[in-house]
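Participant: Structure file run_9.cif (mmCIF, C-alpha atoms, pLDDT in the B column; chains and numbers go by the auth columns) right here:
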data_protein
loop_
_atom_site.group_PDB
_atom_site.id
_atom_site.type_symbol
_atom_site.label_atom_id
_atom_site.label_comp_id
_atom_site.label_asym_id
_atom_site.label_seq_id
_atom_site.Cartn_x
_atom_site.Cartn_y
_atom_site.Cartn_z
_atom_site.B_iso_or_equiv
_atom_site.auth_seq_id
_atom_site.auth_asym_id
ATOM 1 C CA MET A 1 25.896 -7.137 -3.778 50.00 1 A
ATOM 2 C CA ALA A 2 24.474 -7.840 -7.260 55.00 2 A
ATOM 3 C CA ILE A 3 21.588 -10.290 -7.588 60.00 3 A
ATOM 4 C CA THR A 4 22.629 -13.151 -9.866 66.00 4 A
ATOM 5 C CA THR A 5 19.721 -15.657 -9.841 86.00 5 A
ATOM 6 C CA THR A 6 15.949 -15.614 -9.488 89.00 6 A
ATOM 7 C CA LYS A 7 16.307 -17.519 -6.212 91.00 7 A
ATOM 8 C CA SER A 8 18.682 -14.932 -4.770 92.00 8 A
ATOM 9 C CA ALA A 9 16.372 -12.156 -6.022 91.00 9 A
ATOM 10 C CA PHE A 10 13.417 -13.726 -4.201 94.00 10 A
ATOM 11 C CA TRP A 11 15.327 -14.063 -0.935 93.00 11 A
ATOM 12 C CA LYS A 12 16.669 -10.535 -1.279 93.00 12 A
ATOM 13 C CA GLY A 13 13.104 -9.234 -1.492 92.00 13 A
ATOM 14 C CA PHE A 14 12.161 -11.507 1.408 94.00 14 A
ATOM 15 C CA ARG A 15 14.922 -10.057 3.611 93.00 15 A
ATOM 16 C CA ASP A 16 14.265 -6.464 2.551 93.00 16 A
ATOM 17 C CA SER A 17 10.638 -6.771 3.646 92.00 17 A
ATOM 18 C CA ALA A 18 11.497 -7.993 7.164 92.00 18 A
ATOM 19 C CA PRO A 19 11.374 -4.531 8.829 89.00 19 A
ATOM 20 C CA PHE A 20 7.800 -4.086 7.625 87.00 20 A
ATOM 21 C CA LEU A 21 6.724 -6.997 9.827 87.00 21 A
ATOM 22 C CA PHE A 22 6.775 -4.575 12.744 83.00 22 A
ATOM 23 C CA MET A 23 4.009 -2.606 10.999 79.00 23 A
ATOM 24 C CA ALA A 24 2.077 -5.246 9.067 83.00 24 A
ATOM 25 C CA SER A 25 1.607 -7.579 12.026 87.00 25 A
ATOM 26 C CA PRO A 26 0.136 -5.012 14.474 82.00 26 A
ATOM 27 C CA PHE A 27 -1.829 -3.503 11.587 82.00 27 A
ATOM 28 C CA GLY A 28 -3.394 -6.884 10.742 87.00 28 A
ATOM 29 C CA PHE A 29 -3.920 -7.652 14.431 88.00 29 A
ATOM 30 C CA LEU A 30 -5.747 -4.348 14.866 83.00 30 A
ATOM 31 C CA PHE A 31 -8.001 -5.114 11.921 87.00 31 A
ATOM 32 C CA GLY A 32 -8.841 -8.492 13.445 90.00 32 A
ATOM 33 C CA VAL A 33 -9.699 -6.859 16.773 86.00 33 A
ATOM 34 C CA LEU A 34 -11.923 -4.243 15.145 82.00 34 A
ATOM 35 C CA ALA A 35 -13.548 -6.875 12.929 87.00 35 A
ATOM 36 C CA ALA A 36 -14.426 -8.911 16.025 86.00 36 A
ATOM 37 C CA GLU A 37 -15.824 -5.790 17.705 80.00 37 A
ATOM 38 C CA ALA A 38 -17.941 -5.208 14.583 81.00 38 A
ATOM 39 C CA GLY A 39 -19.432 -8.689 14.927 83.00 39 A
ATOM 40 C CA LEU A 40 -17.368 -10.699 12.428 87.00 40 A
ATOM 41 C CA ILE A 41 -16.370 -14.193 13.502 89.00 41 A
ATOM 42 C CA VAL A 42 -12.787 -15.417 13.077 89.00 42 A
ATOM 43 C CA PRO A 43 -13.282 -17.188 9.693 90.00 43 A
ATOM 44 C CA GLU A 44 -15.045 -14.100 8.316 90.00 44 A
ATOM 45 C CA ALA A 45 -12.265 -11.748 9.435 90.00 45 A
ATOM 46 C CA PHE A 46 -9.642 -14.151 8.057 90.00 46 A
ATOM 47 C CA ALA A 47 -11.462 -14.451 4.715 90.00 47 A
ATOM 48 C CA PHE A 48 -11.898 -10.662 4.575 89.00 48 A
ATOM 49 C CA SER A 49 -8.125 -10.112 4.832 89.00 49 A
ATOM 50 C CA LEU A 50 -7.274 -12.956 2.480 88.00 50 A
ATOM 51 C CA ALA A 51 -9.732 -11.893 -0.218 86.00 51 A
ATOM 52 C CA VAL A 52 -9.240 -8.121 -0.105 86.00 52 A
ATOM 53 C CA PHE A 53 -5.618 -7.919 1.107 86.00 53 A
ATOM 54 C CA ALA A 54 -5.708 -4.120 1.264 84.00 54 A
ATOM 55 C CA GLY A 55 -5.432 -2.792 4.791 80.00 55 A
ATOM 56 C CA ALA A 56 -6.631 0.789 4.376 79.00 56 A
ATOM 57 C CA ALA A 57 -9.577 -0.277 2.194 84.00 57 A
ATOM 58 C CA GLN A 58 -10.495 -2.967 4.737 87.00 58 A
ATOM 59 C CA PHE A 59 -10.518 -0.472 7.609 83.00 59 A
ATOM 60 C CA THR A 60 -12.588 1.950 5.547 79.00 60 A
ATOM 61 C CA ALA A 61 -15.125 -0.693 4.560 84.00 61 A
ATOM 62 C CA LEU A 62 -15.350 -2.022 8.111 84.00 62 A
ATOM 63 C CA GLN A 63 -15.983 1.430 9.566 78.00 63 A
ATOM 64 C CA LEU A 64 -18.693 2.185 7.013 80.00 64 A
ATOM 65 C CA MET A 65 -20.307 -1.208 7.625 83.00 65 A
ATOM 66 C CA GLN A 66 -20.518 -0.359 11.327 78.00 66 A
ATOM 67 C CA GLU A 67 -22.157 2.959 10.402 77.00 67 A
ATOM 68 C CA ASN A 68 -24.723 1.077 8.246 80.00 68 A
ATOM 69 C CA ALA A 69 -23.678 3.056 5.199 79.00 69 A
ATOM 70 C CA PRO A 70 -25.246 2.127 1.827 83.00 70 A
ATOM 71 C CA LEU A 71 -23.431 -0.644 -0.008 84.00 71 A
ATOM 72 C CA ILE A 72 -22.597 1.625 -2.945 85.00 72 A
ATOM 73 C CA ILE A 73 -20.906 4.124 -0.598 82.00 73 A
ATOM 74 C CA ILE A 74 -18.877 1.318 1.004 82.00 74 A
ATOM 75 C CA LEU A 75 -17.712 0.073 -2.390 84.00 75 A
ATOM 76 C CA ILE A 76 -16.886 3.538 -3.756 82.00 76 A
ATOM 77 C CA SER A 77 -15.016 4.556 -0.605 78.00 77 A
ATOM 78 C CA ALA A 78 -12.978 1.332 -0.502 81.00 78 A
ATOM 79 C CA LEU A 79 -12.137 1.655 -4.191 82.00 79 A
ATOM 80 C CA ALA A 80 -11.183 5.306 -3.749 76.00 80 A
ATOM 81 C CA VAL A 81 -8.819 4.454 -0.901 76.00 81 A
ATOM 82 C CA ASN A 82 -7.249 1.820 -3.119 81.00 82 A
ATOM 83 C CA LEU A 83 -6.923 3.984 -6.226 78.00 83 A
ATOM 84 C CA ARG A 84 -3.247 4.344 -5.386 77.00 84 A
ATOM 85 C CA MET A 85 -2.867 0.657 -6.321 86.00 85 A
ATOM 86 C CA ALA A 86 -3.741 1.552 -9.917 84.00 86 A
ATOM 87 C CA MET A 87 -0.973 4.159 -9.856 81.00 87 A
ATOM 88 C CA TYR A 88 1.413 1.629 -8.309 88.00 88 A
ATOM 89 C CA SER A 89 0.543 -0.822 -11.068 90.00 89 A
ATOM 90 C CA ALA A 90 1.150 1.748 -13.797 89.00 90 A
ATOM 91 C CA SER A 91 4.474 2.661 -12.191 89.00 91 A
ATOM 92 C CA LEU A 92 5.605 -0.990 -12.133 93.00 92 A
ATOM 93 C CA THR A 93 4.458 -1.761 -15.686 93.00 93 A
ATOM 94 C CA PRO A 94 7.773 -0.733 -17.341 93.00 94 A
ATOM 95 C CA TYR A 95 9.537 -3.275 -15.115 93.00 95 A
ATOM 96 C CA LEU A 96 7.012 -6.141 -14.906 94.00 96 A
ATOM 97 C CA GLY A 97 4.766 -5.546 -17.914 92.00 97 A
ATOM 98 C CA ASP A 98 6.436 -8.201 -20.087 92.00 98 A
ATOM 99 C CA ALA A 99 5.925 -10.980 -17.540 93.00 99 A
ATOM 100 C CA PRO A 100 3.457 -13.790 -18.373 94.00 100 A
ATOM 101 C CA MET A 101 -0.206 -13.019 -17.763 94.00 101 A
ATOM 102 C CA TRP A 102 -0.503 -15.346 -14.747 94.00 102 A
ATOM 103 C CA GLN A 103 2.460 -13.645 -13.062 94.00 103 A
ATOM 104 C CA ARG A 104 0.998 -10.208 -13.704 94.00 104 A
ATOM 105 C CA ALA A 105 -2.359 -11.335 -12.317 93.00 105 A
ATOM 106 C CA LEU A 106 -0.694 -12.590 -9.148 92.00 106 A
ATOM 107 C CA ALA A 107 1.345 -9.398 -8.923 92.00 107 A
ATOM 108 C CA ALA A 108 -1.841 -7.331 -9.161 91.00 108 A
ATOM 109 C CA TYR A 109 -3.221 -9.192 -6.144 91.00 109 A
ATOM 110 C CA PHE A 110 0.006 -8.850 -4.141 90.00 110 A
ATOM 111 C CA ILE A 111 0.613 -5.136 -4.777 91.00 111 A
ATOM 112 C CA VAL A 112 0.577 -3.417 -1.394 89.00 112 A
ATOM 113 C CA ASP A 113 2.315 -0.292 -0.154 85.00 113 A
ATOM 114 C CA GLN A 114 5.300 -2.203 1.212 86.00 114 A
ATOM 115 C CA SER A 115 5.916 -4.406 -1.839 91.00 115 A
ATOM 116 C CA TYR A 116 5.576 -1.431 -4.164 91.00 116 A
ATOM 117 C CA ALA A 117 7.885 0.815 -2.135 88.00 117 A
ATOM 118 C CA LEU A 118 10.616 -1.824 -1.973 92.00 118 A
ATOM 119 C CA SER A 119 10.268 -2.944 -5.589 93.00 119 A
ATOM 120 C CA ILE A 120 10.178 0.437 -7.301 91.00 120 A
ATOM 121 C CA VAL A 121 13.270 1.608 -5.414 90.00 121 A
ATOM 122 C CA LYS A 122 15.110 -1.618 -6.291 91.00 122 A
ATOM 123 C CA PHE A 123 14.135 -1.521 -9.963 92.00 123 A
ATOM 124 C CA GLU A 124 15.134 2.127 -10.316 89.00 124 A
ATOM 125 C CA GLN A 125 18.461 1.484 -8.621 89.00 125 A
ATOM 126 C CA GLU A 126 19.186 -1.575 -10.785 89.00 126 A
ATOM 127 C CA PRO A 127 17.561 -0.966 -14.198 89.00 127 A
ATOM 128 C CA GLU A 128 19.677 -3.739 -15.744 89.00 128 A
ATOM 129 C CA MET A 129 18.015 -6.413 -13.576 92.00 129 A
ATOM 130 C CA PRO A 130 16.516 -9.137 -15.853 92.00 130 A
ATOM 131 C CA LEU A 131 12.734 -9.592 -15.893 93.00 131 A
ATOM 132 C CA PRO A 132 12.677 -13.004 -14.106 93.00 132 A
ATOM 133 C CA GLN A 133 14.708 -11.547 -11.259 94.00 133 A
ATOM 134 C CA ARG A 134 12.456 -8.498 -11.016 95.00 134 A
ATOM 135 C CA VAL A 135 9.417 -10.752 -10.747 95.00 135 A
ATOM 136 C CA ALA A 136 11.150 -12.917 -8.159 95.00 136 A
ATOM 137 C CA TYR A 137 12.193 -9.894 -6.110 95.00 137 A
ATOM 138 C CA PHE A 138 8.651 -8.493 -6.180 95.00 138 A
ATOM 139 C CA PHE A 139 7.117 -11.750 -4.950 95.00 139 A
ATOM 140 C CA GLY A 140 9.876 -12.066 -2.362 95.00 140 A
ATOM 141 C CA THR A 141 8.786 -8.770 -0.816 94.00 141 A
ATOM 142 C CA ASN A 142 5.457 -10.440 -0.059 92.00 142 A
ATOM 143 C CA GLY A 143 6.981 -13.618 1.379 91.00 143 A
ATOM 144 C CA LEU A 144 6.707 -12.319 4.931 90.00 144 A
ATOM 145 C CA ILE A 145 4.109 -9.555 4.670 90.00 145 A
ATOM 146 C CA THR A 146 1.249 -11.641 3.276 90.00 146 A
ATOM 147 C CA PRO A 147 1.256 -14.498 5.819 91.00 147 A
ATOM 148 C CA ALA A 148 1.950 -12.042 8.648 91.00 148 A
ATOM 149 C CA TRP A 149 -1.069 -9.952 7.649 91.00 149 A
ATOM 150 C CA VAL A 150 -3.606 -12.776 7.453 91.00 150 A
ATOM 151 C CA ILE A 151 -2.284 -14.640 10.531 92.00 151 A
ATOM 152 C CA ALA A 152 -2.265 -11.443 12.583 92.00 152 A
ATOM 153 C CA THR A 153 -5.841 -10.754 11.458 92.00 153 A
ATOM 154 C CA ALA A 154 -6.949 -14.181 12.696 92.00 154 A
ATOM 155 C CA LEU A 155 -5.147 -13.692 16.022 92.00 155 A
ATOM 156 C CA GLY A 156 -6.715 -10.257 16.459 90.00 156 A
ATOM 157 C CA ALA A 157 -10.161 -11.659 15.764 91.00 157 A
ATOM 158 C CA LEU A 158 -9.541 -14.426 18.316 90.00 158 A
ATOM 159 C CA VAL A 159 -8.544 -11.926 20.983 86.00 159 A
ATOM 160 C CA GLY A 160 -11.357 -9.596 20.009 77.00 160 A
ATOM 161 C CA THR A 161 -12.560 -7.106 22.574 68.00 161 A
ATOM 162 C CA ARG A 162 -10.193 -8.330 25.292 75.00 162 A
ATOM 163 C CA ILE A 163 -7.517 -5.815 24.211 71.00 163 A
ATOM 164 C CA PRO A 164 -7.566 -2.836 26.632 72.00 164 A
ATOM 165 C CA GLU A 165 -8.163 0.528 24.957 68.00 165 A
ATOM 166 C CA SER A 166 -5.226 1.903 26.982 71.00 166 A
ATOM 167 C CA TRP A 167 -2.845 -0.091 24.746 70.00 167 A
ATOM 168 C CA GLY A 168 -3.593 2.297 21.886 66.00 168 A
ATOM 169 C CA VAL A 169 -3.013 -0.296 19.149 63.00 169 A
ATOM 170 C CA ASP A 170 -5.032 1.835 16.729 62.00 170 A
ATOM 171 C CA PHE A 171 -2.081 4.244 16.643 68.00 171 A
ATOM 172 C CA VAL A 172 -0.207 1.688 14.526 62.00 172 A
ATOM 173 C CA LEU A 173 -2.193 2.679 11.416 60.00 173 A
ATOM 174 C CA PRO A 174 -0.921 6.272 11.015 67.00 174 A
ATOM 175 C CA LEU A 175 2.586 5.214 12.036 67.00 175 A
ATOM 176 C CA ALA A 176 2.639 2.555 9.322 60.00 176 A
ATOM 177 C CA PHE A 177 1.623 5.000 6.609 64.00 177 A
ATOM 178 C CA LEU A 178 4.064 7.672 7.769 71.00 178 A
ATOM 179 C CA ALA A 179 6.912 5.164 7.658 65.00 179 A
ATOM 180 C CA MET A 180 6.013 4.167 4.096 60.00 180 A
ATOM 181 C CA ILE A 181 5.204 7.615 2.709 71.00 181 A
ATOM 182 C CA GLY A 182 8.316 9.399 3.996 72.00 182 A
ATOM 183 C CA PRO A 183 10.891 7.615 1.796 66.00 183 A
ATOM 184 C CA MET A 184 8.623 7.927 -1.249 68.00 184 A
ATOM 185 C CA LEU A 185 8.560 11.743 -1.255 80.00 185 A
ATOM 186 C CA ARG A 186 11.436 11.905 -3.706 77.00 186 A
ATOM 187 C CA THR A 187 10.389 14.817 -5.942 84.00 187 A
ATOM 188 C CA PRO A 188 8.724 18.233 -5.460 89.00 188 A
ATOM 189 C CA ALA A 189 5.614 16.843 -7.202 88.00 189 A
ATOM 190 C CA HIS A 190 5.385 14.039 -4.622 86.00 190 A
ATOM 191 C CA VAL A 191 5.703 16.561 -1.793 91.00 191 A
ATOM 192 C CA ALA A 192 3.065 18.840 -3.338 92.00 192 A
ATOM 193 C CA ALA A 193 0.621 15.954 -3.748 90.00 193 A
ATOM 194 C CA CYS A 194 1.202 14.848 -0.156 90.00 194 A
ATOM 195 C CA PHE A 195 0.729 18.221 1.517 93.00 195 A
ATOM 196 C CA VAL A 196 -2.238 19.283 -0.620 95.00 196 A
ATOM 197 C CA ALA A 197 -3.969 15.987 0.195 91.00 197 A
ATOM 198 C CA VAL A 198 -3.269 16.495 3.901 92.00 198 A
ATOM 199 C CA ALA A 199 -4.557 20.085 3.792 95.00 199 A
ATOM 200 C CA ALA A 200 -7.693 19.056 1.889 94.00 200 A
ATOM 201 C CA SER A 201 -8.395 16.152 4.230 90.00 201 A
ATOM 202 C CA LEU A 202 -8.809 18.412 7.282 93.00 202 A
ATOM 203 C CA PRO A 203 -11.944 20.322 6.213 94.00 203 A
ATOM 204 C CA ALA A 204 -13.140 17.324 4.157 91.00 204 A
ATOM 205 C CA ALA A 205 -13.193 15.185 7.309 87.00 205 A
ATOM 206 C CA ALA A 206 -16.620 16.672 8.041 89.00 206 A
ATOM 207 C CA LEU A 207 -18.122 14.942 4.992 85.00 207 A
ATOM 208 C CA PRO A 208 -20.234 11.848 5.720 80.00 208 A
ATOM 209 C CA TYR A 209 -19.259 8.232 4.929 72.00 209 A
ATOM 210 C CA ASN A 210 -15.527 9.035 4.751 70.00 210 A
ATOM 211 C CA LEU A 211 -16.077 10.878 1.473 78.00 211 A
ATOM 212 C CA GLY A 212 -13.335 13.237 2.615 83.00 212 A
ATOM 213 C CA LEU A 213 -10.840 10.552 1.627 76.00 213 A
ATOM 214 C CA ILE A 214 -12.006 10.743 -1.976 79.00 214 A
ATOM 215 C CA VAL A 215 -11.879 14.552 -1.998 87.00 215 A
ATOM 216 C CA ALA A 216 -8.397 14.647 -0.451 87.00 216 A
ATOM 217 C CA GLY A 217 -7.099 11.947 -2.786 81.00 217 A
ATOM 218 C CA ILE A 218 -8.338 13.741 -5.886 86.00 218 A
ATOM 219 C CA ALA A 219 -6.929 17.058 -4.653 92.00 219 A
ATOM 220 C CA GLY A 220 -3.537 15.442 -4.028 90.00 220 A
ATOM 221 C CA MET A 221 -3.433 13.792 -7.448 85.00 221 A
ATOM 222 C CA VAL A 222 -4.375 17.027 -9.224 92.00 222 A
ATOM 223 C CA ALA A 223 -1.750 18.976 -7.261 93.00 223 A
ATOM 224 C CA GLY A 224 0.939 16.402 -8.014 90.00 224 A
ATOM 225 C CA ALA A 225 0.099 16.361 -11.727 89.00 225 A
ATOM 226 C CA GLN A 226 0.088 20.173 -11.940 93.00 226 A
ATOM 227 C CA ALA A 227 3.384 20.386 -10.057 93.00 227 A
ATOM 228 C CA GLU A 228 4.906 17.866 -12.455 90.00 228 A
ATOM 229 C CA LEU A 229 3.713 19.874 -15.470 92.00 229 A
ATOM 230 C CA TRP A 230 4.998 23.132 -14.003 93.00 230 A
ATOM 231 C CA LEU A 231 8.406 21.633 -13.259 90.00 231 A
ATOM 232 C CA GLU A 232 8.603 20.204 -16.772 89.00 232 A
ATOM 233 C CA ARG A 233 7.805 23.619 -18.279 90.00 233 A
ATOM 234 C CA GLN A 234 10.455 25.250 -16.089 87.00 234 A
ATOM 235 C CA LYS A 235 12.977 22.651 -17.232 85.00 235 A
ATOM 236 C CA ILE A 236 12.176 23.311 -20.906 85.00 236 A
ATOM 237 C CA LYS A 237 12.511 27.080 -20.353 82.00 237 A
ATOM 238 C CA ALA A 238 15.860 26.621 -18.624 81.00 238 A
ATOM 239 C CA GLU A 239 17.125 24.488 -21.493 77.00 239 A
ATOM 240 C CA GLY A 240 15.910 27.085 -23.992 71.00 240 A
ATOM 241 C CA VAL A 241 17.845 29.827 -22.242 66.00 241 A
ATOM 242 C CA LYS A 242 21.042 27.775 -22.446 61.00 242 A
#
Mind turning this structure into structure tokens?

Facilitator:
Amino acid sequence: MAITTTKSAFWKGFRDSAPFLFMASPFGFLFGVLAAEAGLIVPEAFAFSLAVFAGAAQFTALQLMQENAPLIIILISALAVNLRMAMYSASLTPYLGDAPMWQRALAAYFIVDQSYALSIVKFEQEPEMPLPQRVAYFFGTNGLITPAWVIATALGALVGTRIPESWGVDFVLPLAFLAMIGPMLRTPAHVAACFVAVAASLPAAALPYNLGLIVAGIAGMVAGAQAELWLERQKIKAEGVK
């Protein structure tokens, strides 16, 4: 059904994001538990999630803090993990770039894997969608995810170390990323970037301070860019033959 108003666009994004609650809530809860185990009190864990609002970067920073890594390494590693947000932002610019500055600033804060995945698919499927409705849809995708994330973090911090290890709640993290990455592998370049990054991450895991994440991320980006260039050249050659 076509979206006809900004209100309906917001609620459409709100409803589309509902399935991600089953990942965001346990993910946030797990962060709260680990934050409590690391010595953070509930307000600190809550403020951490509210201020950073970037799950993978938060887990990375928390782990490095527990390892007493240098501050510069913590910052670089967290930023490296979140470099994909810059790519998300660039990808959304053709659809949201003409919005007022305050809306773009808010959007920059609210860009997460789930909101990006939902929004980019919607915008590509409906390129005629007006700008106000695009903005409304984007913010709607965060209507459930954002409060669920910060509330779950606070609950996890309250429970703290009382969660039995046998529950295996830490397994939620890879499941969440697999569920988000799968639908986004839409081109050969995406697939190349994904598998090269995975392959590079295995030997790079031996590097200290999670630096393997940076190495794997760079390798994946280079592979994706090269695959895109190669495919473009093949397309031009094929058109020349015709």

Participant: Which residues, written as a list in words, have at least one atom at most 9 Å from Ala38 of chain A, with only C-alpha atoms counted and residues fewer than 2 positions away on the same chain left out?

Facilitator: Val33, Leu34, Ala35, Ala36, Leu40, Leu62, Gln63, Met65 and Gln66 of chain A

Participant: Sorted by chain and rising residue number, list the residues of segment 48-143 of chain A at most 8 Å from segment 16-32 of chain A (counting all atoms listed in the file), each with its closest atom pair and distance in Å to one decimal, as CSV.

Facilitator:
residue,atom,partner,partner_atom,distance
A:Gly55,CA,A:Gly28,CA,7.5
A:Gln58,CA,A:Phe31,CA,7.9
A:Phe59,CA,A:Phe31,CA,6.8
A:Gln114,CA,A:Phe20,CA,7.1
A:Ser115,CA,A:Ser17,CA,7.6
A:Leu118,CA,A:Asp16,CA,7.4
A:Thr141,CA,A:Ser17,CA,5.2
A:Asn142,CA,A:Ser17,CA,7.4

Participant: Within 10 Å of segment 204-210 of chain A, which residues of segment 37-140 of chain A come that close, and what is the closest atom pair and distance in Å for each? Count all atoms listed in the file and give it as a tab-separated table.

Facilitator:
residue	atom	partner	partner_atom	distance
A:Thr60	CA	A:Asn210	CA	7.7
A:Ala61	CA	A:Asn210	CA	9.7
A:Gln63	CA	A:Tyr209	CA	8.9
A:Leu64	CA	A:Tyr209	CA	6.4
A:Met65	CA	A:Tyr209	CA	9.9
A:Glu67	CA	A:Tyr209	CA	8.1
A:Asn68	CA	A:Tyr209	CA	9.6
A:Ala69	CA	A:Tyr209	CA	6.8
A:Pro70	CA	A:Tyr209	CA	9.1
A:Ile73	CA	A:Tyr209	CA	7.1
A:Ile74	CA	A:Tyr209	CA	8.0
A:Ser77	CA	A:Asn210	CA	7.0
A:Ala78	CA	A:Asn210	CA	9.7
A:Val81	CA	A:Asn210	CA	9.9

Participant: How many Å separate atom CA of Leu96 of chain A from atom CA of Ile120 of chain A?

Facilitator: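 Separating atom CA of Leu96 of chain A from atom CA of Ile120 of chain A is a distance of 10.5 Å.
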
Participant: Quick one: residues within 12 Å of Ala192 of chain A, all atoms listed in the file, excluding same-chain residues fewer than 4 positions away - as a ChimeraX atom specification?

Facilitator: /A:185-188,196-200,219-228,230-231

Participant: Using all atoms listed in the file, which protein or nucleic acid residues come within 7 Å of Pro132 of chain A? Drop anything in the same chain fewer than 3 positions from it, and give the result as a ChimeraX atom specification.

Facilitator: /A:6,135-136

Participant: For atom CA of Ala189 of chain A and atom CA of Glu232 of chain A, determine how far apart the two atoms are, in Å to one decimal place.

Facilitator: 10.6 Å

Participant: Provide the atom CA of Thr93 of chain A to atom CA of Ala148 of chain A distance in Å, to one decimal place.

Facilitator: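 The value is 26.5 Å.
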
Participant: Tell me which protein, DNA and RNA residues are within 10 Å of Gly143 of chain A, counting only C-alpha atoms, leaving out same-chain ones fewer than 3 positions away, and put them as a list of chain:residue names.

Facilitator: A:Phe10, A:Trp11, A:Gly13, A:Phe14, A:Arg15, A:Ser17, A:Ala18, A:Ser115, A:Tyr137, A:Phe138, A:Phe139, A:Gly140, A:Thr146, A:Pro147, A:Ala148

Participant: Could you check the closest approach to Phe110 of chain A for each of A:Ile145, A:Leu131, A:Arg162, A:Glu37 and tell me which residue wins, using all atoms listed in the file?

Facilitator: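 Looking at the shortest contact to Phe110 of chain A, the residue is A:Ile145.
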
Participant: Excluding Met85 of chain A and residues on its chain fewer than 4 positions from it, collect all residues at most 8 Å away from it, counting all atoms listed in the file, and give them as a PDB file with C-alpha atoms, keeping the file's coordinate frame.

Facilitator:
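Produced file selection.pdb, reproduced below:
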ATOM      1  CA  SER A  89       0.543  -0.822 -11.068  1.00 90.00           C
ATOM      2  CA  ILE A 111       0.613  -5.136  -4.777  1.00 91.00           C
ATOM      3  CA  VAL A 112       0.577  -3.417  -1.394  1.00 89.00           C
TER       4      VAL A 112
END
